[in-house]
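Student: Got target.cif for you, mmCIF, C-alpha atoms:
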data_target
loop_
_atom_site.label_atom_id
_atom_site.label_comp_id
_atom_site.auth_asym_id
_atom_site.auth_seq_id
_atom_site.Cartn_x
_atom_site.Cartn_y
_atom_site.Cartn_z
CA MET W 187 12.92 -37.93 -9.71
CA ARG W 188 15.75 -38.84 -7.34
CA ARG W 189 18.20 -37.00 -9.61
CA TRP W 190 16.02 -33.85 -9.44
CA MET W 191 15.87 -34.00 -5.67
CA VAL W 192 19.63 -34.39 -5.42
CA ALA W 193 20.15 -31.47 -7.79
CA THR W 194 17.82 -29.29 -5.75
CA ALA W 195 19.54 -30.28 -2.52
CA LEU W 196 22.91 -29.44 -4.01
CA MET W 197 21.63 -26.06 -5.21
CA VAL W 198 20.28 -25.24 -1.79
CA ALA W 199 23.50 -26.30 -0.10
CA ALA W 200 25.69 -24.42 -2.54
CA GLY W 201 23.87 -21.14 -2.83
CA GLY W 202 21.62 -20.85 0.17
CA VAL W 203 18.68 -20.86 -2.22
CA ARG W 204 15.27 -21.40 -0.64
CA ALA W 205 13.55 -24.42 -2.07
CA GLU W 206 10.08 -23.34 -1.04
CA PRO W 207 8.09 -20.70 -2.91
CA CYS W 208 8.28 -17.10 -1.74
CA ASN W 209 5.77 -15.82 0.77
CA THR W 210 4.14 -13.28 -1.53
CA ALA W 211 2.15 -11.82 1.37
CA ALA W 212 5.39 -10.16 2.43
CA PHE W 213 5.00 -7.73 -0.45
CA GLU W 214 1.41 -6.73 0.41
CA PRO W 215 2.34 -3.63 2.45
CA CYS W 216 4.49 -2.43 -0.45
CA ARG W 217 1.75 -2.65 -3.06
CA ALA W 218 0.23 0.68 -2.09
CA CYS W 219 3.21 2.36 -3.76
CA HIS W 220 5.14 -0.24 -5.79
CA ALA W 221 4.59 -2.79 -8.55
CA LEU W 222 6.68 -5.81 -9.47
CA THR W 223 6.15 -5.36 -13.20
CA ARG W 224 7.31 -2.71 -15.62
CA ASP W 225 3.90 -2.13 -17.17
CA ALA W 226 1.87 -1.37 -14.04
CA GLY W 227 1.43 2.31 -14.86
CA GLN W 228 2.04 5.25 -12.58
CA LYS W 229 2.43 4.47 -8.89
CA PRO W 230 3.49 6.67 -5.97
CA GLY W 231 6.83 4.85 -5.93
CA PRO W 232 9.07 3.24 -8.56
CA GLN W 233 8.44 -0.20 -10.09
CA LEU W 234 10.60 -2.93 -8.59
CA ALA W 235 10.83 -5.43 -11.46
CA GLY W 236 14.12 -7.32 -11.32
CA LEU W 237 15.27 -5.21 -8.43
CA VAL W 238 18.13 -7.40 -7.22
CA GLY W 239 21.09 -6.68 -9.44
CA ARG W 240 19.57 -3.42 -10.64
CA LYS W 241 21.19 -0.03 -10.17
CA VAL W 242 19.91 1.99 -7.22
CA ALA W 243 17.34 4.51 -8.54
CA GLY W 244 17.00 2.36 -11.64
CA ASP W 245 13.42 2.96 -12.78
CA PRO W 246 13.81 5.46 -15.63
CA ALA W 247 10.19 6.56 -15.28
CA PHE W 248 10.56 7.64 -11.65
CA ASP W 249 12.16 10.85 -10.40
CA TYR W 250 14.05 9.69 -7.34
CA SER W 251 15.19 11.64 -4.30
CA PRO W 252 18.59 13.34 -4.47
CA ALA W 253 19.77 10.79 -1.89
CA LEU W 254 19.07 7.82 -4.18
CA ARG W 255 20.19 9.63 -7.34
CA GLY W 256 23.48 10.31 -5.58
CA ALA W 257 23.83 6.62 -4.72
CA ARG W 258 23.15 5.67 -8.34
CA ASP W 259 25.74 8.17 -9.56
CA LYS W 260 28.19 6.60 -7.14
CA GLY W 261 27.54 3.22 -8.76
CA ASP W 262 25.47 1.58 -6.03
CA VAL W 263 23.64 -1.56 -7.10
CA TRP W 264 20.83 -3.39 -5.26
CA THR W 265 22.69 -6.49 -4.20
CA ARG W 266 20.85 -8.83 -1.87
CA ASP W 267 22.96 -7.68 1.06
CA ARG W 268 22.49 -4.00 0.31
CA LEU W 269 18.76 -4.47 -0.03
CA GLU W 270 18.50 -6.33 3.24
CA GLN W 271 20.43 -3.60 4.99
CA PHE W 272 18.18 -0.98 3.38
CA LEU W 273 14.97 -2.72 4.46
CA ALA W 274 16.29 -2.98 8.01
CA ASP W 275 16.50 0.82 8.18
CA PRO W 276 16.10 2.73 4.90
CA GLU W 277 16.88 6.09 6.45
CA ALA W 278 20.12 4.87 8.00
CA MET W 279 21.47 3.72 4.65
CA TYR W 280 20.33 6.64 2.51
CA PRO W 281 19.38 9.61 4.75
CA GLY W 282 16.82 11.88 3.14
CA GLN W 283 15.42 9.26 0.75
CA TRP W 284 11.73 9.79 0.11
CA MET W 285 10.15 6.45 1.02
CA GLY W 286 8.33 6.77 4.32
CA SER W 287 8.33 3.14 5.38
CA PRO W 288 9.61 2.34 8.86
CA PRO W 289 12.45 -0.12 9.46
CA ILE W 290 11.59 -3.80 9.07
CA ARG W 291 13.10 -5.11 12.26
CA ASP W 292 12.08 -8.74 11.84
CA ALA W 293 14.72 -10.74 9.91
CA ARG W 294 12.18 -13.31 8.71
CA ARG W 295 10.01 -10.59 7.19
CA ARG W 296 13.03 -9.12 5.44
CA ALA W 297 13.99 -12.54 4.11
CA ASP W 298 10.46 -13.10 2.79
CA LEU W 299 10.47 -9.72 1.12
CA LEU W 300 13.89 -10.30 -0.39
CA CYS W 301 12.62 -13.57 -1.82
CA VAL W 302 9.73 -11.76 -3.53
CA LEU W 303 12.01 -9.02 -4.80
CA GLY W 304 14.14 -11.60 -6.55
CA GLY W 305 16.90 -12.12 -4.05
CA ARG W 306 15.65 -15.49 -2.80
CA MET I 193 -21.08 -3.32 -2.85
CA ARG I 194 -18.25 -3.01 -0.46
CA ARG I 195 -17.64 -5.88 1.83
CA ARG I 196 -17.80 -4.97 5.47
CA HIS I 197 -14.40 -6.02 6.61
CA LEU I 198 -14.81 -5.95 10.29
CA LEU I 199 -17.41 -5.26 12.85
CA ALA I 200 -15.74 -5.95 16.09
CA LEU I 201 -15.96 -4.78 19.60
CA SER I 202 -12.62 -4.50 21.25
CA ALA I 203 -13.61 -5.64 24.69
CA SER I 204 -10.98 -3.55 26.32
CA ALA I 205 -7.81 -1.77 25.58
CA LEU I 206 -4.72 -3.90 25.76
CA ALA I 207 -2.60 -3.65 28.80
CA ALA I 208 -0.56 -0.55 28.57
CA PRO I 209 3.12 -1.01 27.83
CA ALA I 210 5.41 0.28 30.51
CA LEU I 211 5.56 4.01 30.25
CA ILE I 212 8.98 5.21 29.35
CA THR I 213 9.56 8.89 29.56
CA GLN I 214 13.08 9.96 28.92
CA PRO I 215 13.62 13.57 29.86
CA ALA I 216 15.73 15.29 27.25
CA ARG I 217 16.17 18.69 25.70
CA ALA I 218 16.14 19.70 22.06
CA ALA I 219 18.49 22.42 20.88
CA VAL I 220 16.80 25.11 18.80
CA GLU I 221 18.18 27.11 15.88
CA THR I 222 16.47 30.21 14.52
CA ARG I 223 16.75 31.85 11.12
CA GLU I 224 14.71 34.28 9.05
CA GLN I 225 13.35 34.16 5.53
CA HIS I 226 10.85 36.37 3.69
CA GLY I 227 10.20 38.18 6.98
CA TYR I 228 9.20 34.92 8.71
CA ARG I 229 10.93 33.32 11.67
CA ILE I 230 11.92 29.68 11.22
CA ARG I 231 12.83 27.67 14.29
CA THR I 232 14.15 24.11 14.08
CA TYR I 233 14.34 21.81 17.09
CA ASN I 234 16.91 19.02 16.96
CA VAL I 235 14.75 16.48 18.64
CA ARG I 236 16.21 12.99 18.65
CA PRO I 237 18.59 11.27 16.21
CA GLY I 238 17.01 8.17 14.73
CA SER I 239 13.46 9.12 15.65
CA GLY I 240 12.26 9.84 12.12
CA SER I 241 10.23 12.78 13.45
CA ARG I 242 7.17 13.11 11.24
CA ASP I 243 3.47 13.88 11.88
CA VAL I 244 2.75 16.56 14.49
CA ALA I 245 -0.20 17.76 16.59
CA CYS I 246 -0.34 20.96 18.61
CA ASN I 247 -1.69 21.03 22.17
CA ALA I 248 -3.57 24.02 23.52
CA ASP I 249 -0.86 24.57 26.17
CA GLY I 250 1.81 25.24 23.51
CA THR I 251 3.43 21.79 23.52
CA VAL I 252 3.63 19.67 20.37
CA TRP I 253 3.32 15.90 19.97
CA PHE I 254 5.22 14.24 17.14
CA CYS I 255 5.53 10.68 15.90
CA GLY I 256 8.90 8.96 15.92
CA GLN I 257 8.00 6.44 13.25
CA ARG I 258 11.53 5.12 12.96
CA ASP I 259 12.01 4.25 16.63
CA GLY I 260 8.42 3.55 17.68
CA THR I 261 7.87 6.55 19.93
CA LEU I 262 5.49 9.41 20.52
CA ASN I 263 7.30 12.53 21.68
CA LEU I 264 6.18 15.69 23.43
CA LEU I 265 8.15 18.84 22.65
CA ASP I 266 7.88 21.97 24.76
CA PRO I 267 9.04 24.75 22.42
CA ARG I 268 9.56 27.18 25.29
CA ASP I 269 12.58 25.37 26.66
CA GLY I 270 13.15 22.52 24.21
CA GLY I 271 11.95 20.03 26.81
CA LEU I 272 11.28 16.61 25.39
CA LYS I 273 9.36 13.65 26.75
CA VAL I 274 9.59 10.32 24.96
CA VAL I 275 6.84 7.71 25.16
CA ASN I 276 7.59 4.21 23.92
CA LEU I 277 4.49 2.87 22.17
CA GLY I 278 5.43 -0.79 22.47
CA PRO I 279 7.27 -3.56 20.64
CA GLY I 280 7.36 -3.12 16.88
CA ALA I 281 5.71 0.30 17.05
CA ALA I 282 5.89 2.59 14.00
CA PRO I 283 3.47 5.49 14.54
CA HIS I 284 2.40 7.45 11.47
CA GLY I 285 -0.26 10.05 12.38
CA VAL I 286 -1.24 11.89 15.56
CA VAL I 287 -4.14 14.17 16.50
CA ILE I 288 -5.40 15.69 19.74
CA GLY I 289 -8.71 14.17 20.78
CA PRO I 290 -11.64 15.94 22.46
CA ASP I 291 -10.38 14.36 25.70
CA GLY I 292 -7.05 16.17 25.35
CA ALA I 293 -5.18 12.91 24.70
CA ALA I 294 -2.90 12.19 21.77
CA TRP I 295 -4.47 9.64 19.41
CA VAL I 296 -2.18 7.80 17.05
CA THR I 297 -2.41 5.57 13.99
CA GLU I 298 0.09 3.03 15.28
CA GLY I 299 0.88 1.12 12.11
CA GLY I 300 3.57 -1.11 13.59
CA GLN I 301 1.11 -2.82 15.93
CA ASN I 302 -1.85 -2.39 13.56
CA ALA I 303 -3.63 -0.45 16.27
CA ILE I 304 -5.14 2.83 17.31
CA ALA I 305 -3.19 4.19 20.27
CA ARG I 306 -4.13 6.71 22.94
CA VAL I 307 -1.53 8.47 25.05
CA ASP I 308 -2.96 10.05 28.17
CA PRO I 309 -2.28 13.79 28.41
CA LYS I 310 -1.45 13.65 32.11
CA ASP I 311 0.41 10.44 32.91
CA HIS I 312 1.28 9.45 29.29
CA ARG I 313 -0.13 5.96 29.81
CA VAL I 314 -0.48 4.13 26.50
CA GLN I 315 -3.64 2.27 25.47
CA LEU I 316 -3.90 0.24 22.28
CA TRP I 317 -6.88 -1.05 20.33
CA LYS I 318 -5.84 -3.49 17.64
CA LEU I 319 -7.73 -3.93 14.39
CA ASN I 320 -8.79 -7.43 15.40
CA GLY I 321 -10.45 -9.36 12.62
CA GLY I 322 -9.35 -6.98 9.91
CA PRO I 323 -6.21 -7.13 7.82
CA SER I 324 -3.14 -8.17 9.78
CA TYR I 325 -1.36 -5.09 8.46
CA ALA I 326 -3.66 -2.28 7.35
CA ASN I 327 -0.74 0.14 7.04
CA LEU I 328 -2.56 2.64 9.25
CA ASN I 329 -2.03 6.18 8.09
CA THR I 330 -4.00 9.20 9.29
CA LEU I 331 -6.86 9.97 11.68
CA VAL I 332 -9.33 12.68 12.61
CA PHE I 333 -12.16 13.15 15.11
CA ASP I 334 -15.61 14.23 13.99
CA LYS I 335 -17.76 16.63 15.99
CA GLN I 336 -19.50 13.76 17.81
CA GLY I 337 -16.21 12.40 19.13
CA THR I 338 -15.89 9.46 16.74
CA LEU I 339 -12.40 8.76 15.45
CA TRP I 340 -12.08 8.15 11.69
CA PHE I 341 -8.94 6.68 10.16
CA THR I 342 -7.34 5.45 6.96
CA GLY I 343 -5.05 2.55 6.14
CA GLN I 344 -2.94 2.55 3.00
CA GLY I 345 -3.47 -1.18 2.76
CA GLY I 346 -6.95 -0.34 1.47
CA VAL I 347 -9.19 0.37 4.43
CA ILE I 348 -11.08 3.13 6.16
CA GLY I 349 -12.47 2.80 9.65
CA ARG I 350 -13.94 4.37 12.72
CA PHE I 351 -13.52 3.93 16.44
CA GLU I 352 -15.87 5.02 19.22
CA PRO I 353 -13.75 5.80 22.29
CA VAL I 354 -16.73 5.64 24.64
CA THR I 355 -17.88 2.14 23.63
CA GLU I 356 -14.52 0.94 22.23
CA LYS I 357 -16.36 -0.26 19.13
CA MET I 358 -14.25 -0.40 16.00
CA GLN I 359 -15.40 -0.85 12.42
CA VAL I 360 -13.20 -1.25 9.36
CA TRP I 361 -14.30 -1.29 5.73
CA ASP I 362 -12.58 -2.05 2.46
CA ALA I 363 -11.94 1.14 0.55
CA PRO I 364 -12.88 1.52 -3.10
CA ARG I 365 -10.02 0.82 -5.53
CA GLY I 366 -8.08 -1.01 -2.82
CA TYR I 367 -4.69 0.30 -1.76
CA GLY I 368 -4.15 3.97 -1.07
CA PRO I 369 -6.32 5.65 1.63
CA TYR I 370 -4.06 8.33 3.10
CA GLY I 371 -4.99 11.80 4.45
CA ILE I 372 -8.33 12.46 6.18
CA ALA I 373 -10.00 15.70 7.26
CA LEU I 374 -12.99 17.20 9.05
CA THR I 375 -14.80 20.24 7.65
CA PRO I 376 -16.50 22.98 9.70
CA GLN I 377 -19.80 21.55 8.43
CA GLY I 378 -18.93 18.29 10.19
CA THR I 379 -18.31 16.16 7.12
CA ILE I 380 -15.39 13.73 6.85
CA TRP I 381 -13.29 13.45 3.69
CA TYR I 382 -10.25 11.38 2.76
CA VAL I 383 -7.97 10.95 -0.22
CA SER I 384 -6.42 7.87 -1.78
CA LEU I 385 -2.84 8.14 -2.97
CA ALA I 386 -2.85 4.96 -5.06
CA GLY I 387 -6.55 5.23 -5.89
CA ASN I 388 -6.25 8.84 -7.10
CA TYR I 389 -9.46 10.17 -5.59
CA LEU I 390 -11.12 12.33 -2.98
CA ALA I 391 -14.07 10.85 -1.09
CA GLU I 392 -16.65 11.93 1.45
CA ILE I 393 -17.55 9.33 4.05
CA ASP I 394 -21.19 8.86 5.00
CA ARG I 395 -20.79 8.99 8.76
CA SER I 396 -23.86 6.85 9.41
CA THR I 397 -22.89 3.94 7.15
CA GLY I 398 -19.16 4.41 6.52
CA ALA I 399 -19.78 4.37 2.77
CA PRO I 400 -17.48 6.63 0.74
CA ARG I 401 -18.68 8.80 -2.13
CA ILE I 402 -15.86 9.34 -4.60
CA VAL I 403 -15.26 12.75 -6.14
CA GLU I 404 -12.80 12.55 -9.03
CA PRO I 405 -10.12 15.26 -9.08
CA PRO I 406 -9.67 16.87 -12.50
CA THR I 407 -6.06 15.68 -12.94
CA PRO I 408 -5.87 11.96 -13.79
CA GLN I 409 -3.41 9.84 -11.79
CA GLN I 410 -2.68 12.86 -9.60
CA GLY I 411 -1.71 10.89 -6.47
CA ALA I 412 -3.89 12.70 -3.90
CA ARG I 413 -1.90 12.23 -0.71
CA ARG I 414 -3.21 14.58 1.99
CA VAL I 415 -6.32 16.73 2.48
CA TRP I 416 -7.23 19.62 4.76
CA SER I 417 -10.33 21.80 5.05
CA ASP I 418 -10.35 25.59 5.12
CA SER I 419 -12.79 27.66 7.21
CA ARG I 420 -15.44 27.46 4.47
CA GLY I 421 -15.30 23.68 4.14
CA ARG I 422 -13.34 23.69 0.90
CA LEU I 423 -10.97 20.72 0.61
CA TRP I 424 -7.31 21.39 -0.18
CA ILE I 425 -5.38 18.46 -1.58
CA SER I 426 -1.66 17.83 -2.03
CA GLU I 427 -1.01 15.81 -5.19
CA TRP I 428 2.17 13.72 -5.09
CA ASN I 429 2.29 12.52 -8.69
CA SER I 430 1.22 15.71 -10.44
CA GLY I 431 2.96 18.18 -8.13
CA ASN I 432 -0.25 20.20 -7.86
CA VAL I 433 -2.24 21.62 -5.01
CA SER I 434 -5.93 21.43 -5.80
CA MET I 435 -9.06 22.71 -4.12
CA HIS I 436 -12.55 21.22 -4.21
CA ASP I 437 -15.59 23.19 -3.07
CA PRO I 438 -18.36 20.78 -2.08
CA ALA I 439 -20.83 23.68 -2.09
CA ASN I 440 -20.71 23.99 -5.85
CA GLY I 441 -18.75 20.93 -6.97
CA GLY I 442 -16.01 23.11 -8.43
CA TRP I 443 -12.27 22.47 -8.60
CA LYS I 444 -9.22 24.69 -8.91
CA THR I 445 -5.68 23.48 -9.45
CA TRP I 446 -2.28 25.12 -9.17
CA LYS I 447 1.13 23.68 -10.05
CA LEU I 448 3.82 24.25 -7.45
CA PRO I 449 6.93 26.13 -8.59
CA GLY I 450 9.87 24.25 -10.08
CA GLU I 451 10.42 21.80 -12.90
CA LYS I 452 8.97 18.68 -11.32
CA PRO I 453 7.46 19.42 -7.93
CA ARG I 454 6.41 16.63 -5.58
CA CYS I 455 3.64 17.98 -3.36
CA TYR I 456 3.53 15.71 -0.30
CA SER I 457 1.41 17.46 2.33
CA VAL I 458 -1.05 20.27 2.91
CA TYR I 459 -2.19 22.14 6.02
CA VAL I 460 -4.58 25.11 5.96
CA ASP I 461 -4.02 27.67 8.71
CA ASP I 462 -6.43 29.90 10.61
CA ARG I 463 -6.20 32.55 7.87
CA ASP I 464 -7.06 30.03 5.14
CA VAL I 465 -3.49 30.05 3.83
CA ALA I 466 -2.27 26.67 2.56
CA TRP I 467 1.07 25.36 3.80
CA LEU I 468 2.45 22.74 1.43
CA THR I 469 5.57 20.61 1.38
CA ASP I 470 7.50 19.88 -1.80
CA PHE I 471 10.05 17.07 -1.66
CA ALA I 472 11.64 18.00 -4.98
CA ALA I 473 12.38 21.51 -3.73
CA ASN I 474 13.16 20.26 -0.19
CA ALA I 475 10.89 23.05 0.98
CA ILE I 476 7.83 24.14 2.87
CA VAL I 477 5.76 26.25 0.49
CA ARG I 478 3.19 28.83 1.55
CA PHE I 479 0.32 29.34 -0.89
CA ASP I 480 -1.91 32.37 -0.53
CA PRO I 481 -5.24 31.67 -2.27
CA ALA I 482 -6.10 35.39 -2.28
CA THR I 483 -3.16 36.29 -4.49
CA GLU I 484 -2.54 32.80 -5.90
CA THR I 485 1.15 33.13 -5.10
CA PHE I 486 3.70 30.72 -3.65
CA LEU I 487 6.42 31.54 -1.14
CA SER I 488 9.10 28.90 -0.70
CA PHE I 489 11.01 28.11 2.49
CA PRO I 490 13.73 25.61 1.56
CA SER I 491 15.23 23.71 4.46
CA ASP I 492 18.78 24.55 5.47
CA LYS I 493 19.55 20.81 5.47
CA SER I 494 19.25 18.35 2.59
CA GLY I 495 16.56 15.66 2.58
CA ALA I 496 14.32 17.36 5.15
CA ASN I 497 11.19 15.53 3.93
CA VAL I 498 8.37 17.17 5.86
CA ARG I 499 5.55 14.63 5.51
CA GLN I 500 2.76 16.46 7.35
CA MET I 501 2.03 19.85 8.84
CA ALA I 502 -0.37 21.17 11.45
CA GLY I 503 -0.52 24.28 13.55
CA ARG I 504 -2.13 26.80 15.80
CA PRO I 505 -3.04 30.43 15.02
CA GLY I 506 0.04 32.14 13.61
CA GLU I 507 2.27 29.04 13.68
CA ALA I 508 2.79 26.34 11.05
CA TRP I 509 4.48 23.19 12.40
CA GLY I 510 6.03 20.20 10.66
CA GLY I 511 8.41 17.31 11.23
CA GLU I 512 11.56 17.03 9.15
CA SER I 513 11.59 13.24 9.04
CA GLY I 514 14.91 13.16 7.19
CA THR I 515 16.81 15.35 9.64
CA ASN I 516 15.08 14.40 12.91
CA ARG I 517 14.03 17.99 13.50
CA ILE I 518 10.74 19.72 14.23
CA VAL I 519 10.23 22.99 12.38
CA VAL I 520 7.89 25.91 13.06
CA ILE I 521 7.36 28.96 10.88
CA ASP I 522 5.72 32.07 12.21
CA LYS I 523 5.68 35.80 11.67
CA PRO I 524 6.27 37.50 15.01
CA LEU I 525 4.68 40.88 15.36
CA ALA I 526 7.25 43.70 15.26
#
So, in terms of structure tokens, how does the structure I just supplied come out?
Tutor:
Amino acid sequence: MRRWMVATALMVAAGGVRAEPCNTAAFEPCRACHALTRDAGQKPGPQLAGLVGRKVAGDPAFDYSPALRGARDKGDVWTRDRLEQFLADPEAMYPGQWMGSPPIRDARRRADLLCVLGGR
Amino acid sequence: MRRRHLLALSASALAAPALITQPARAAVETREQHGYRIRTYNVRPGSGSRDVACNADGTVWFCGQRDGTLNLLDPRDGGLKVVNLGPGAAPHGVVIGPDGAAWVTEGGQNAIARVDPKDHRVQLWKLNGGPSYANLNTLVFDKQGTLWFTGQGGVIGRFEPVTEKMQVWDAPRGYGPYGIALTPQGTIWYVSLAGNYLAEIDRSTGAPRIVEPPTPQQGARRVWSDSRGRLWISEWNSGNVSMHDPANGGWKTWKLPGEKPRCYSVYVDDRDVAWLTDFAANAIVRFDPATETFLSFPSDKSGANVRQMAGRPGEAWGGESGTNRIVVIDKPLA
């Protein structure tokens, strides 16, 4: 037990990993358009399964905006940092992208959402 | 049976945030296409100019969803007044109420907002007791002066300005309620983007009656009534515009031009012509039901993303959310 606690503490210290579970409520506003699984069927927006580490515009079943297709062609990948910057103001990062969500100005909300999206 | 989500009386409007009006001026550019005049107003960088509403005096309100503002454009001189809606504001939809005020689905504060037409004072009524974030979307007044609204988080609701009574209900199929419209007969209809349906709301009980569009998984995003009470629907997933006639239960559907259109919004003008927006084509598309023909007006800038249109006789207005411009198309008489 003590060994497990030490290991967890070391992980947290080394990688900034949150020990507590994600606040899944952070994803609620996104559910109107997005799913976190690949088999959720057609949604208004792309599925976000395994988003962190995935190529931008990486859902093969979704026809993305030219803005995001251009980013993908350029080699952009959804790193945790890129995703956080995107959530803070999607339009500033990729002008003309189709998602209509406003900027998430609250850092805690972005962190919670990043946790759910796999960035922890 | 649907669970009544909230029956709450907002005792009073919240204290109005300090009114901030920043006088500014929007530069206008004019071009012509298909014999129509297209004017674009460079309103404010970073505003995310989107839903619009036209005042009787010629001015136009538009939502700055990205910077939490409601803005008043005077097309005659490009004059611009900016009203800050409060901390965390992210307004989505705007309509002109019977009192002449601008009424707003203020999603950022989970509230209905009213901006006074004279002094631009802001009043807010929060959805107390309901979901903490309903993702408020679109609103419309009925003929009795009741405000009806949708929330993409899965709610529909109504607000009585006179008594300040607000009611919110869970929508069928959960997430998705988006556009909402009033017909000349006085009925209220809305569509659900994620729920893929059209519904009429019973105005006495708030209960929706679903009418299934003929195209499965069509992604019904916005709805507008023509002069006969027929409902025109923009379908995001299918790329269709469809029309439902409640008088006979019939449907008609047309695919927009192009390989994979993305039909985002619909507005029906005073001549019963449908003005659509297609994100894939980066265009406003005019559809004439009489000839069943489309006329496309691509933007002169990439990623224009017009998310809603409205208008007045002879003028079709929209907000280019991706370019921070307001656009109007008209056909001046020679």
Student: For W:Pro252, work out the shell of residues within 8 Å, counting all atoms listed in the file and skipping chain neighbours fewer than 6 positions away, then give it as a list of chain:residue names.
Tutor: W:Gly282, W:Gln283, I:Gly495
Student: Find the residues near W:Ser251: any atom within 9 Å, counting only C-alpha atoms, skip ones fewer than 3 places away on the same chain, and give them as a list in words.
Tutor: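 Here the answer would be Ala243, Leu254, Arg255, Gly256, Gly282, Gln283, Trp284 and Met285 of chain W; Phe471, Ala472 and Gly495 of chain I.
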Student: Up to 9 Å from chain I, what residues of chain W turn up? Count all atoms listed in the file and give them as a ChimeraX atom specification.
Tutor: /W:214-219,228-230,249-253,275,277-278,281-284,286-292
Student: The selected residues should be written to file as an mmCIF file, in the frame of the given file (atoms: C-alpha atoms).
Tutor:
data_model
loop_
_atom_site.group_PDB
_atom_site.id
_atom_site.type_symbol
_atom_site.label_atom_id
_atom_site.label_comp_id
_atom_site.auth_asym_id
_atom_site.auth_seq_id
_atom_site.Cartn_x
_atom_site.Cartn_y
_atom_site.Cartn_z
ATOM 1 C CA GLU W 214 1.410 -6.730 0.410
ATOM 2 C CA PRO W 215 2.340 -3.630 2.450
ATOM 3 C CA CYS W 216 4.490 -2.430 -0.450
ATOM 4 C CA ARG W 217 1.750 -2.650 -3.060
ATOM 5 C CA ALA W 218 0.230 0.680 -2.090
ATOM 6 C CA CYS W 219 3.210 2.360 -3.760
ATOM 7 C CA GLN W 228 2.040 5.250 -12.580
ATOM 8 C CA LYS W 229 2.430 4.470 -8.890
ATOM 9 C CA PRO W 230 3.490 6.670 -5.970
ATOM 10 C CA ASP W 249 12.160 10.850 -10.400
ATOM 11 C CA TYR W 250 14.050 9.690 -7.340
ATOM 12 C CA SER W 251 15.190 11.640 -4.300
ATOM 13 C CA PRO W 252 18.590 13.340 -4.470
ATOM 14 C CA ALA W 253 19.770 10.790 -1.890
ATOM 15 C CA ASP W 275 16.500 0.820 8.180
ATOM 16 C CA GLU W 277 16.880 6.090 6.450
ATOM 17 C CA ALA W 278 20.120 4.870 8.000
ATOM 18 C CA PRO W 281 19.380 9.610 4.750
ATOM 19 C CA GLY W 282 16.820 11.880 3.140
ATOM 20 C CA GLN W 283 15.420 9.260 0.750
ATOM 21 C CA TRP W 284 11.730 9.790 0.110
ATOM 22 C CA GLY W 286 8.330 6.770 4.320
ATOM 23 C CA SER W 287 8.330 3.140 5.380
ATOM 24 C CA PRO W 288 9.610 2.340 8.860
ATOM 25 C CA PRO W 289 12.450 -0.120 9.460
ATOM 26 C CA ILE W 290 11.590 -3.800 9.070
ATOM 27 C CA ARG W 291 13.100 -5.110 12.260
ATOM 28 C CA ASP W 292 12.080 -8.740 11.840
#
Student: What is the atom CA of I:Ile288 to atom CA of I:Ala245 distance in Å?
Tutor: 6.4 Å
Student: Could you check which of W:Phe213, W:Lys260, W:Glu270, W:Ala247 is closest to W:Asp225, using all atoms listed in the file?
Tutor: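 Using all atoms listed in the file, W:Asp225 sits closest to W:Ala247.
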Student: Could you tell me how far atom CA of I:Asn263 sits from atom CA of I:Ser457, in Å to one decimal place?
Tutor: 20.8 Å
Student: Quick one: pull the distance between atom CA of I:Thr342 and atom CA of I:Tyr370, Å, one decimal.
Tutor: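 Atom-to-atom, atom CA of I:Thr342 and atom CA of I:Tyr370 are spaced 5.8 Å apart.
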Student: Each residue of stretch 382-419 of chain I lying at most 12 Å from stretch 350-357 of chain I should get a row with its shortest atom-to-atom pair and the distance in Å to one decimal, counting all atoms listed in the file; could you produce that, ordered by chain and increasing number, as a tab-separated table?
Tutor:
residue	atom	partner	partner_atom	distance
I:Ile393	CA	I:Arg350	CA	10.6
I:Asp394	CA	I:Arg350	CA	11.5
I:Arg395	CA	I:Arg350	CA	9.2
I:Ser396	CA	I:Arg350	CA	10.7
I:Thr397	CA	I:Arg350	CA	10.6
I:Gly398	CA	I:Arg350	CA	8.1
I:Ala399	CA	I:Arg350	CA	11.5
Student: Could you tell me which residues the PyMOL selection byres ((chain W and resi 266) around 10) grabs in this file, written as a PyMOL selection string?
Tutor: chain W and resi 237-239+263-265+267-272+297+300-301+303-306
Student: Write the residues you've just listed into a file as a compact mmCIF listing (two decimals), keeping the file's coordinate frame, and include C-alpha atoms for each of them.
Tutor:
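Done, and the output landed in again-v3.txt:
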# COMPACT_ATOMS: atom_id res chain seq x y z
CA LEU W 237 15.27 -5.21 -8.43
CA VAL W 238 18.13 -7.40 -7.22
CA GLY W 239 21.09 -6.68 -9.44
CA VAL W 263 23.64 -1.56 -7.10
CA TRP W 264 20.83 -3.39 -5.26
CA THR W 265 22.69 -6.49 -4.20
CA ASP W 267 22.96 -7.68 1.06
CA ARG W 268 22.49 -4.00 0.31
CA LEU W 269 18.76 -4.47 -0.03
CA GLU W 270 18.50 -6.33 3.24
CA GLN W 271 20.43 -3.60 4.99
CA PHE W 272 18.18 -0.98 3.38
CA ALA W 297 13.99 -12.54 4.11
CA LEU W 300 13.89 -10.30 -0.39
CA CYS W 301 12.62 -13.57 -1.82
CA LEU W 303 12.01 -9.02 -4.80
CA GLY W 304 14.14 -11.60 -6.55
CA GLY W 305 16.90 -12.12 -4.05
CA ARG W 306 15.65 -15.49 -2.80
Student: Determine the residue set returned by the PyMOL selection byres ((chain I and resi 319) around 8) for the present structure, and present it as a list in words.
Tutor: Asn302, Ala303, Ile304, Trp317, Lys318, Asn320, Gly321, Gly322, Pro323, Ser324, Met358 and Val360 of chain I
